[in-house]
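Participant: Take a look at the following structure, please.
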Amino acid sequence: MVAGIGGGREGNLEAPVRHPLDWKNPSFYDEAALMQEMERVFDICHGCRRCFSLCQAFPTLFDAIDGSESMELDGVAKSVFWQVADHCYLCDMCYMTKCPYVPPHPWNLDFPHLMLRAKAVKFRKGQSRLRDRILSSTDTVGRLAGIPVVVNIVNAANRSALFRSALDRVLHVHPHATVPSYHSDTFRSRWHADEPPVAEAVPAGTTRGRVAVFATCYGNYNEPQLNEDLVAVFRHNGIPVTVATAERCCGMPKLELGDLDAVERAKQANIPELLRLVDDGWDIVAPVPSCVLMFKQELPLMFPDDADVAKVRAAMFDPFEYLMLRHREGRLRTDFRNPLGRISYHVPCHLRVQNIGLKTRDLLQLVPQTEVEAIERCSGHNGTYAVKSEFHESSMKIAAPVVDRVRQAEADHYCSDCPMAGHQIGNGLGSGKAPEHPLSLLRRAYGI
């Protein structure tokens, strides 16, 4: 066991850095080498335990150690190592906010990417479930579920207790987990219907003043209104908007599955189109933080020598980050017509790790007679973790502190930049009151 470990980042006062993911190296998939590294890292985690409250991965590890005969890592069965990896959903909070031993510390801990390596080894061994491959195929599921007539059947079935019980037995999707609705009139199918003339772009700070929307699978198939609100807000601010003509899933669901080859295929489909837009003078925004993070962090770490990936990364923005950068230069309209009252605002993990600050909160607080309480804790959703039968209860336990804060606030609105996190909170509240997205609230404030 590692002894003499202090709290905070005392062991390393330098800013954390992230090493590229060496996933093309055959040794990356060497199970014996993986186990050796997991033993090294888990032993350090055992001696520290600062991350015990973040997610279920750490309690799974620590409970196994404490319940073993030796009460040390050497008493834990290797099967538990895989359970720890299954509970990690790559939120990155341990790396970004808790661990004092991330690089450049000589112990060189990157717990999330070690768990990603374990997931990749498991996937390559053919041990992933059919359910997980289906849930991570967001493009395919969205296209099939969104077929006219079929979409009504799918949405009705997802609301049926009988069907959800059968889905639990067959695919192990928890019957009480919130699953999204689907639309046949997707955002991309609506886009060209009434597109107004393109305004003249006005650069401001690091923004070029014209934006291409990466719609995301969720914003296209599940909540098209989310992108429509984004477009309305940006156009209200005099920002020309277009949409990428070709788009695939960003790859985050496949990353979390460990299917890194599928991530590469998604990258090969998306980067050329986004690069074309960037070269034509467009910045890129996406309404879902996980998708923005994929282009800002994970793809650059997987393809560190790809200049095109780096160029897209530099032009990728969170919507509120973009608007607040323009506000700094006096280019944000503040002609708000409607106060929003009190807002309980959940800050998603994949937004927090972008290190851009609380831009959503800051912008909403510009609205007169509006008070925003930011809740910086994980919702436990992760896109697929919360819907899996074996993990749903753990996900709701992780979400409980967030749900309690929202319930106690009794605010006029509750929201999250991650729409799935918003519904996870709504599931925990059980009040029937639906979450609202910050972009929708901002559009309401503008009265547009």
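Residues in the structure tokens are numbered from 1 in each chain, the chains being A, B, ... in the order shown, and ligands are numbered from 1 in the order shown.
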I'd like the contact shell of stretch 288-302 of chain A - 8 Å cut-off, only C-alpha atoms, skipping same-chain residues fewer than 4 positions apart - returned as a PDB file with N, CA and C atoms, in the first residue's frame.

Facilitator:
```
ATOM      1  N   ARG A  18      -2.189  15.978 -20.282  1.00  0.00           N
ATOM      2  CA  ARG A  18      -2.730  14.697 -20.735  1.00  0.00           C
ATOM      3  C   ARG A  18      -1.819  14.117 -21.805  1.00  0.00           C
ATOM      4  N   HIS A  19      -1.386  12.889 -21.608  1.00  0.00           N
ATOM      5  CA  HIS A  19      -0.566  12.219 -22.618  1.00  0.00           C
ATOM      6  C   HIS A  19      -1.461  11.683 -23.738  1.00  0.00           C
ATOM      7  N   PRO A  20      -0.960  11.658 -24.963  1.00  0.00           N
ATOM      8  CA  PRO A  20      -1.726  11.041 -26.054  1.00  0.00           C
ATOM      9  C   PRO A  20      -2.042   9.580 -25.734  1.00  0.00           C
ATOM     10  N   LEU A  21      -3.127   9.107 -26.281  1.00  0.00           N
ATOM     11  CA  LEU A  21      -3.558   7.732 -26.071  1.00  0.00           C
ATOM     12  C   LEU A  21      -2.860   6.842 -27.102  1.00  0.00           C
ATOM     13  N   ASP A  22      -2.015   5.921 -26.621  1.00  0.00           N
ATOM     14  CA  ASP A  22      -1.191   5.100 -27.508  1.00  0.00           C
ATOM     15  C   ASP A  22      -1.956   3.866 -27.970  1.00  0.00           C
ATOM     16  N   TRP A  23      -3.146   4.097 -28.531  1.00  0.00           N
ATOM     17  CA  TRP A  23      -4.048   2.980 -28.804  1.00  0.00           C
ATOM     18  C   TRP A  23      -3.702   2.200 -30.066  1.00  0.00           C
ATOM     19  N   THR A 216     -25.350  16.860 -33.625  1.00  0.00           N
ATOM     20  CA  THR A 216     -25.258  15.719 -32.717  1.00  0.00           C
ATOM     21  C   THR A 216     -26.431  14.765 -32.939  1.00  0.00           C
ATOM     22  N   TYR A 218     -28.223  13.274 -30.647  1.00  0.00           N
ATOM     23  CA  TYR A 218     -29.310  13.588 -29.734  1.00  0.00           C
ATOM     24  C   TYR A 218     -30.071  14.828 -30.200  1.00  0.00           C
ATOM     25  N   GLY A 219     -29.340  15.848 -30.610  1.00  0.00           N
ATOM     26  CA  GLY A 219     -29.982  17.077 -31.054  1.00  0.00           C
ATOM     27  C   GLY A 219     -30.660  16.949 -32.403  1.00  0.00           C
ATOM     28  N   CYS A 250     -20.408  11.719 -33.129  1.00  0.00           N
ATOM     29  CA  CYS A 250     -19.069  12.216 -32.791  1.00  0.00           C
ATOM     30  C   CYS A 250     -18.121  11.101 -32.384  1.00  0.00           C
ATOM     31  N   GLY A 251     -18.660   9.977 -31.913  1.00  0.00           N
ATOM     32  CA  GLY A 251     -17.834   8.845 -31.505  1.00  0.00           C
ATOM     33  C   GLY A 251     -17.756   8.626 -30.012  1.00  0.00           C
ATOM     34  N   MET A 252     -18.306   9.537 -29.212  1.00  0.00           N
ATOM     35  CA  MET A 252     -18.210   9.383 -27.758  1.00  0.00           C
ATOM     36  C   MET A 252     -18.853   8.096 -27.248  1.00  0.00           C
ATOM     37  N   LYS A 267     -14.449   9.599 -36.949  1.00  0.00           N
ATOM     38  CA  LYS A 267     -13.521  10.718 -37.182  1.00  0.00           C
ATOM     39  C   LYS A 267     -13.265  10.903 -38.676  1.00  0.00           C
ATOM     40  N   ASP A 306      -2.376  14.498 -36.134  1.00  0.00           N
ATOM     41  CA  ASP A 306      -3.289  14.816 -37.233  1.00  0.00           C
ATOM     42  C   ASP A 306      -3.579  16.320 -37.217  1.00  0.00           C
ATOM     43  N   VAL A 309      -7.354  17.312 -37.354  1.00  0.00           N
ATOM     44  CA  VAL A 309      -8.041  17.193 -36.059  1.00  0.00           C
ATOM     45  C   VAL A 309      -7.728  18.402 -35.190  1.00  0.00           C
ATOM     46  N   ALA A 310      -6.465  18.820 -35.190  1.00  0.00           N
ATOM     47  CA  ALA A 310      -6.058  19.975 -34.385  1.00  0.00           C
ATOM     48  C   ALA A 310      -6.739  21.254 -34.873  1.00  0.00           C
ATOM     49  N   VAL A 312      -9.686  21.498 -36.405  1.00  0.00           N
ATOM     50  CA  VAL A 312     -11.092  21.455 -35.999  1.00  0.00           C
ATOM     51  C   VAL A 312     -11.207  21.734 -34.512  1.00  0.00           C
ATOM     52  N   ARG A 313     -10.300  21.178 -33.740  1.00  0.00           N
ATOM     53  CA  ARG A 313     -10.314  21.420 -32.291  1.00  0.00           C
ATOM     54  C   ARG A 313     -10.271  22.921 -31.992  1.00  0.00           C
ATOM     55  N   ALA A 314      -9.419  23.631 -32.672  1.00  0.00           N
ATOM     56  CA  ALA A 314      -9.255  25.061 -32.411  1.00  0.00           C
ATOM     57  C   ALA A 314     -10.498  25.867 -32.759  1.00  0.00           C
ATOM     58  N   MET A 316     -13.691  24.605 -32.431  1.00  0.00           N
ATOM     59  CA  MET A 316     -14.862  23.988 -31.786  1.00  0.00           C
ATOM     60  C   MET A 316     -15.187  24.712 -30.486  1.00  0.00           C
ATOM     61  N   PHE A 317     -16.471  25.036 -30.290  1.00  0.00           N
ATOM     62  CA  PHE A 317     -16.892  25.797 -29.119  1.00  0.00           C
ATOM     63  C   PHE A 317     -18.169  25.227 -28.516  1.00  0.00           C
ATOM     64  N   ASP A 318     -18.282  25.346 -27.198  1.00  0.00           N
ATOM     65  CA  ASP A 318     -19.567  25.218 -26.527  1.00  0.00           C
ATOM     66  C   ASP A 318     -20.385  26.466 -26.856  1.00  0.00           C
ATOM     67  N   PRO A 348     -22.713  19.872 -16.269  1.00  0.00           N
ATOM     68  CA  PRO A 348     -22.300  18.506 -16.616  1.00  0.00           C
ATOM     69  C   PRO A 348     -20.790  18.311 -16.490  1.00  0.00           C
ATOM     70  N   HIS A 350     -18.759  16.699 -18.473  1.00  0.00           N
ATOM     71  CA  HIS A 350     -18.049  16.886 -19.736  1.00  0.00           C
ATOM     72  C   HIS A 350     -17.985  18.351 -20.163  1.00  0.00           C
ATOM     73  N   LEU A 351     -18.721  19.200 -19.475  1.00  0.00           N
ATOM     74  CA  LEU A 351     -18.538  20.640 -19.665  1.00  0.00           C
ATOM     75  C   LEU A 351     -17.479  21.166 -18.701  1.00  0.00           C
ATOM     76  N   GLN A 354     -13.820  20.858 -19.704  1.00  0.00           N
ATOM     77  CA  GLN A 354     -13.328  21.703 -20.799  1.00  0.00           C
ATOM     78  C   GLN A 354     -12.579  22.934 -20.288  1.00  0.00           C
ATOM     79  N   ASP A 417     -26.815  21.646 -19.263  1.00  0.00           N
ATOM     80  CA  ASP A 417     -26.352  21.720 -20.650  1.00  0.00           C
ATOM     81  C   ASP A 417     -26.449  20.360 -21.321  1.00  0.00           C
ATOM     82  N   CYS A 418     -26.335  19.281 -20.527  1.00  0.00           N
ATOM     83  CA  CYS A 418     -26.503  17.924 -21.052  1.00  0.00           C
ATOM     84  C   CYS A 418     -27.978  17.551 -20.929  1.00  0.00           C
ATOM     85  N   PRO A 419     -28.703  17.417 -22.028  1.00  0.00           N
ATOM     86  CA  PRO A 419     -30.137  17.130 -21.931  1.00  0.00           C
ATOM     87  C   PRO A 419     -30.428  15.798 -21.244  1.00  0.00           C
TER      88      PRO A 419
END
```

Participant: How close does each residue of stretch 227-320 of chain A get to stretch 426-446 of chain A, giving the shortest atom pair and distance in Å to one decimal for every residue with an atom at most 8 Å away, counting only C-alpha atoms, sorted by chain and residue number, as a tab-separated table?

Facilitator:
```
residue	atom	partner	partner_atom	distance
A:Asp229	CA	A:Ser440	CA	5.7
A:Leu230	CA	A:Leu439	CA	6.0
A:Ala232	CA	A:Arg443	CA	7.1
A:Val233	CA	A:Arg443	CA	5.8
```

Participant: Go ahead and write the selection's residues with C-alpha atoms as a tab-separated table (two decimals), in the first residue's frame.

Facilitator:
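Output file selection05.tsv is given in full below:
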```tsv
chain	number	residue	atom	x	y	z
A	229	ASP	CA	-33.24	27.19	-29.99
A	230	LEU	CA	-29.49	27.40	-30.57
A	232	ALA	CA	-32.60	31.24	-32.99
A	233	VAL	CA	-30.34	32.62	-30.24
```

Participant: Just checking: using only C-alpha atoms, which residue out of A:Gly126, A:Pro106, A:Pro203, A:Pro112 ends up closest to A:Leu323?

Facilitator: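 Of all the options, A:Pro203 lies closest to A:Leu323.
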
Participant: From the set A:Thr334, A:Gln424, A:Ser181, A:Thr384, which residue has the shortest atom-to-atom contact distance to A:His346, counting only C-alpha atoms?

Facilitator: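 Of A:Thr334, A:Gln424, A:Ser181, A:Thr384, the one nearest A:His346 is A:Gln424, counting only C-alpha atoms.
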
Participant: Which residues are close to A:His172, i.e. within 12 Å by only C-alpha atoms, leaving aside same-chain residues fewer than 4 positions away? Reply as a PyMOL selection string.

Facilitator: chain A and resi 129-132+134-135+164-168+176-177+384-392

Participant: Please, which residues of stretch 182-309 of chain A, numbered as in this document, come out helix (DSSP H, G or I) from DSSP, as a PyMOL selection string?

Facilitator: chain A and resi 187-190+217-222+224-236+252-257+260-279+289-302+307-309

Participant: With C-alpha atoms kept, could you save the residues just selected as a short mmCIF file (atom, residue, chain, number, x, y, z; two decimals), in the first residue's frame?

Facilitator:
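New file again_0.cif:
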```cif
data_model
loop_
_atom_site.label_atom_id
_atom_site.label_comp_id
_atom_site.auth_asym_id
_atom_site.auth_seq_id
_atom_site.Cartn_x
_atom_site.Cartn_y
_atom_site.Cartn_z
CA PHE A 187 -33.49 18.81 -37.05
CA ARG A 188 -31.48 18.16 -40.19
CA SER A 189 -34.64 17.38 -42.19
CA ARG A 190 -36.19 20.66 -41.01
CA CYS A 217 -27.29 12.51 -32.75
CA TYR A 218 -29.31 13.59 -29.73
CA GLY A 219 -29.98 17.08 -31.05
CA ASN A 220 -30.99 15.66 -34.43
CA TYR A 221 -33.13 12.62 -33.58
CA ASN A 222 -34.23 13.09 -29.96
CA PRO A 224 -34.57 18.78 -32.51
CA GLN A 225 -35.92 21.80 -30.63
CA LEU A 226 -32.58 22.06 -28.87
CA ASN A 227 -30.79 22.95 -32.10
CA GLU A 228 -33.63 25.20 -33.22
CA ASP A 229 -33.24 27.19 -29.99
CA LEU A 230 -29.49 27.40 -30.57
CA VAL A 231 -29.99 28.69 -34.11
CA ALA A 232 -32.60 31.24 -32.99
CA VAL A 233 -30.34 32.62 -30.24
CA PHE A 234 -27.28 32.89 -32.48
CA ARG A 235 -29.21 34.56 -35.30
CA HIS A 236 -30.75 36.98 -32.80
CA MET A 252 -18.21 9.38 -27.76
CA PRO A 253 -20.62 6.44 -27.23
CA LYS A 254 -18.20 4.10 -29.03
CA LEU A 255 -15.29 5.53 -27.05
CA GLU A 256 -17.08 4.69 -23.80
CA LEU A 257 -17.67 1.16 -25.15
CA LEU A 260 -11.75 2.65 -30.77
CA ASP A 261 -11.81 1.51 -34.40
CA ALA A 262 -15.41 2.77 -34.64
CA VAL A 263 -14.25 6.09 -33.17
CA GLU A 264 -11.69 6.31 -35.95
CA ARG A 265 -14.34 5.61 -38.58
CA ALA A 266 -16.51 8.39 -37.17
CA LYS A 267 -13.52 10.72 -37.18
CA GLN A 268 -12.80 9.89 -40.83
CA ALA A 269 -16.40 10.82 -41.71
CA ASN A 270 -16.67 14.01 -39.64
CA ILE A 271 -13.29 15.72 -39.77
CA PRO A 272 -13.15 16.34 -43.57
CA GLU A 273 -16.58 18.03 -43.53
CA LEU A 274 -15.83 20.10 -40.42
CA LEU A 275 -12.41 21.01 -41.81
CA ARG A 276 -14.04 22.24 -45.02
CA LEU A 277 -16.28 24.50 -42.95
CA VAL A 278 -13.38 25.78 -40.86
CA ASP A 279 -11.36 26.53 -43.98
CA PRO A 289 -21.05 18.97 -24.07
CA SER A 290 -19.88 15.39 -24.61
CA CYS A 291 -19.76 15.93 -28.38
CA VAL A 292 -17.82 19.19 -27.98
CA LEU A 293 -15.39 17.40 -25.65
CA MET A 294 -14.90 14.63 -28.19
CA PHE A 295 -13.50 17.12 -30.71
CA LYS A 296 -11.71 19.25 -28.13
CA GLN A 297 -9.99 16.50 -26.16
CA GLU A 298 -10.48 12.84 -27.03
CA LEU A 299 -9.86 12.93 -30.80
CA PRO A 300 -6.76 15.14 -30.39
CA LEU A 301 -5.43 12.66 -27.80
CA MET A 302 -6.17 9.69 -30.06
CA ALA A 307 -3.18 18.49 -38.23
CA ASP A 308 -6.79 18.40 -39.45
CA VAL A 309 -8.04 17.19 -36.06
#
```

Participant: May I have the residues within 9 Å of A:Met35 as a list in words, using only C-alpha atoms and disregarding those fewer than 3 positions away in the same chain?

Facilitator: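 That gives Asp30, Glu31, Ala32, Met38, Glu39, Arg40, Lys78, Phe81 and Ala118 of chain A.
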
Participant: Produce a file of the selected residues containing N, CA and C atoms, as a PDB file, in the first residue's frame.

Facilitator:
```pdb
ATOM      1  N   ASP A  30      -2.318  -5.605 -24.631  1.00  0.00           N
ATOM      2  CA  ASP A  30      -1.694  -6.713 -23.901  1.00  0.00           C
ATOM      3  C   ASP A  30      -2.357  -6.808 -22.527  1.00  0.00           C
ATOM      4  N   GLU A  31      -3.132  -7.863 -22.300  1.00  0.00           N
ATOM      5  CA  GLU A  31      -3.906  -7.967 -21.069  1.00  0.00           C
ATOM      6  C   GLU A  31      -3.020  -8.079 -19.838  1.00  0.00           C
ATOM      7  N   ALA A  32      -1.911  -8.796 -19.944  1.00  0.00           N
ATOM      8  CA  ALA A  32      -1.009  -8.928 -18.799  1.00  0.00           C
ATOM      9  C   ALA A  32      -0.422  -7.566 -18.418  1.00  0.00           C
ATOM     10  N   MET A  38      -2.976  -1.698 -13.921  1.00  0.00           N
ATOM     11  CA  MET A  38      -4.132  -1.533 -13.040  1.00  0.00           C
ATOM     12  C   MET A  38      -3.748  -1.801 -11.581  1.00  0.00           C
ATOM     13  N   GLU A  39      -2.917  -2.792 -11.348  1.00  0.00           N
ATOM     14  CA  GLU A  39      -2.446  -3.076  -9.991  1.00  0.00           C
ATOM     15  C   GLU A  39      -1.678  -1.882  -9.429  1.00  0.00           C
ATOM     16  N   ARG A  40      -0.812  -1.290 -10.249  1.00  0.00           N
ATOM     17  CA  ARG A  40      -0.022  -0.135  -9.798  1.00  0.00           C
ATOM     18  C   ARG A  40      -0.936   1.038  -9.445  1.00  0.00           C
ATOM     19  N   LYS A  78      -8.969 -10.656  -9.616  1.00  0.00           N
ATOM     20  CA  LYS A  78      -8.822  -9.847 -10.835  1.00  0.00           C
ATOM     21  C   LYS A  78     -10.161  -9.579 -11.505  1.00  0.00           C
ATOM     22  N   PHE A  81     -11.322  -6.139 -10.978  1.00  0.00           N
ATOM     23  CA  PHE A  81     -10.702  -5.089 -11.783  1.00  0.00           C
ATOM     24  C   PHE A  81     -11.609  -4.730 -12.959  1.00  0.00           C
ATOM     25  N   ALA A 118      -8.852  -0.595 -20.511  1.00  0.00           N
ATOM     26  CA  ALA A 118      -9.487  -1.847 -20.097  1.00  0.00           C
ATOM     27  C   ALA A 118     -10.741  -2.121 -20.932  1.00  0.00           C
TER      28      ALA A 118
END
```

Participant: Can you tell me, as a ChimeraX atom specification, which residues in stretch 347-391 of chain A count as strand (DSSP E) by DSSP?

Facilitator: /A:370-375

Participant: Write to file, as a short mmCIF file (atom, residue, chain, number, x, y, z; two decimals), in the first residue's frame, the residues of the selection just made, with C-alpha atoms.

Facilitator:
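Contents of result.cif, freshly written:
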```cif
data_model
loop_
_atom_site.label_atom_id
_atom_site.label_comp_id
_atom_site.auth_asym_id
_atom_site.auth_seq_id
_atom_site.Cartn_x
_atom_site.Cartn_y
_atom_site.Cartn_z
CA THR A 370 -32.78 36.02 -12.79
CA GLU A 371 -30.85 34.07 -10.15
CA VAL A 372 -28.83 30.98 -11.07
CA GLU A 373 -27.61 28.36 -8.60
CA ALA A 374 -24.90 26.20 -10.17
CA ILE A 375 -24.68 22.56 -9.04
#
```

Participant: Kindly give the distance, in Å, that separates atom CA of A:Ala201 and atom CA of A:Asp283, rounded to a single decimal.

Facilitator: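 According to the coordinates, atom CA of A:Ala201 and atom CA of A:Asp283 are separated by 11.0 Å.
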
Participant: Write out as a PyMOL selection string the residues lying within 10 Å of stretch 69-75 of chain A, counting only C-alpha atoms and excluding same-chain residues fewer than 4 positions away.

Facilitator: chain A and resi 1+39-40+42-44+46-47+61-65
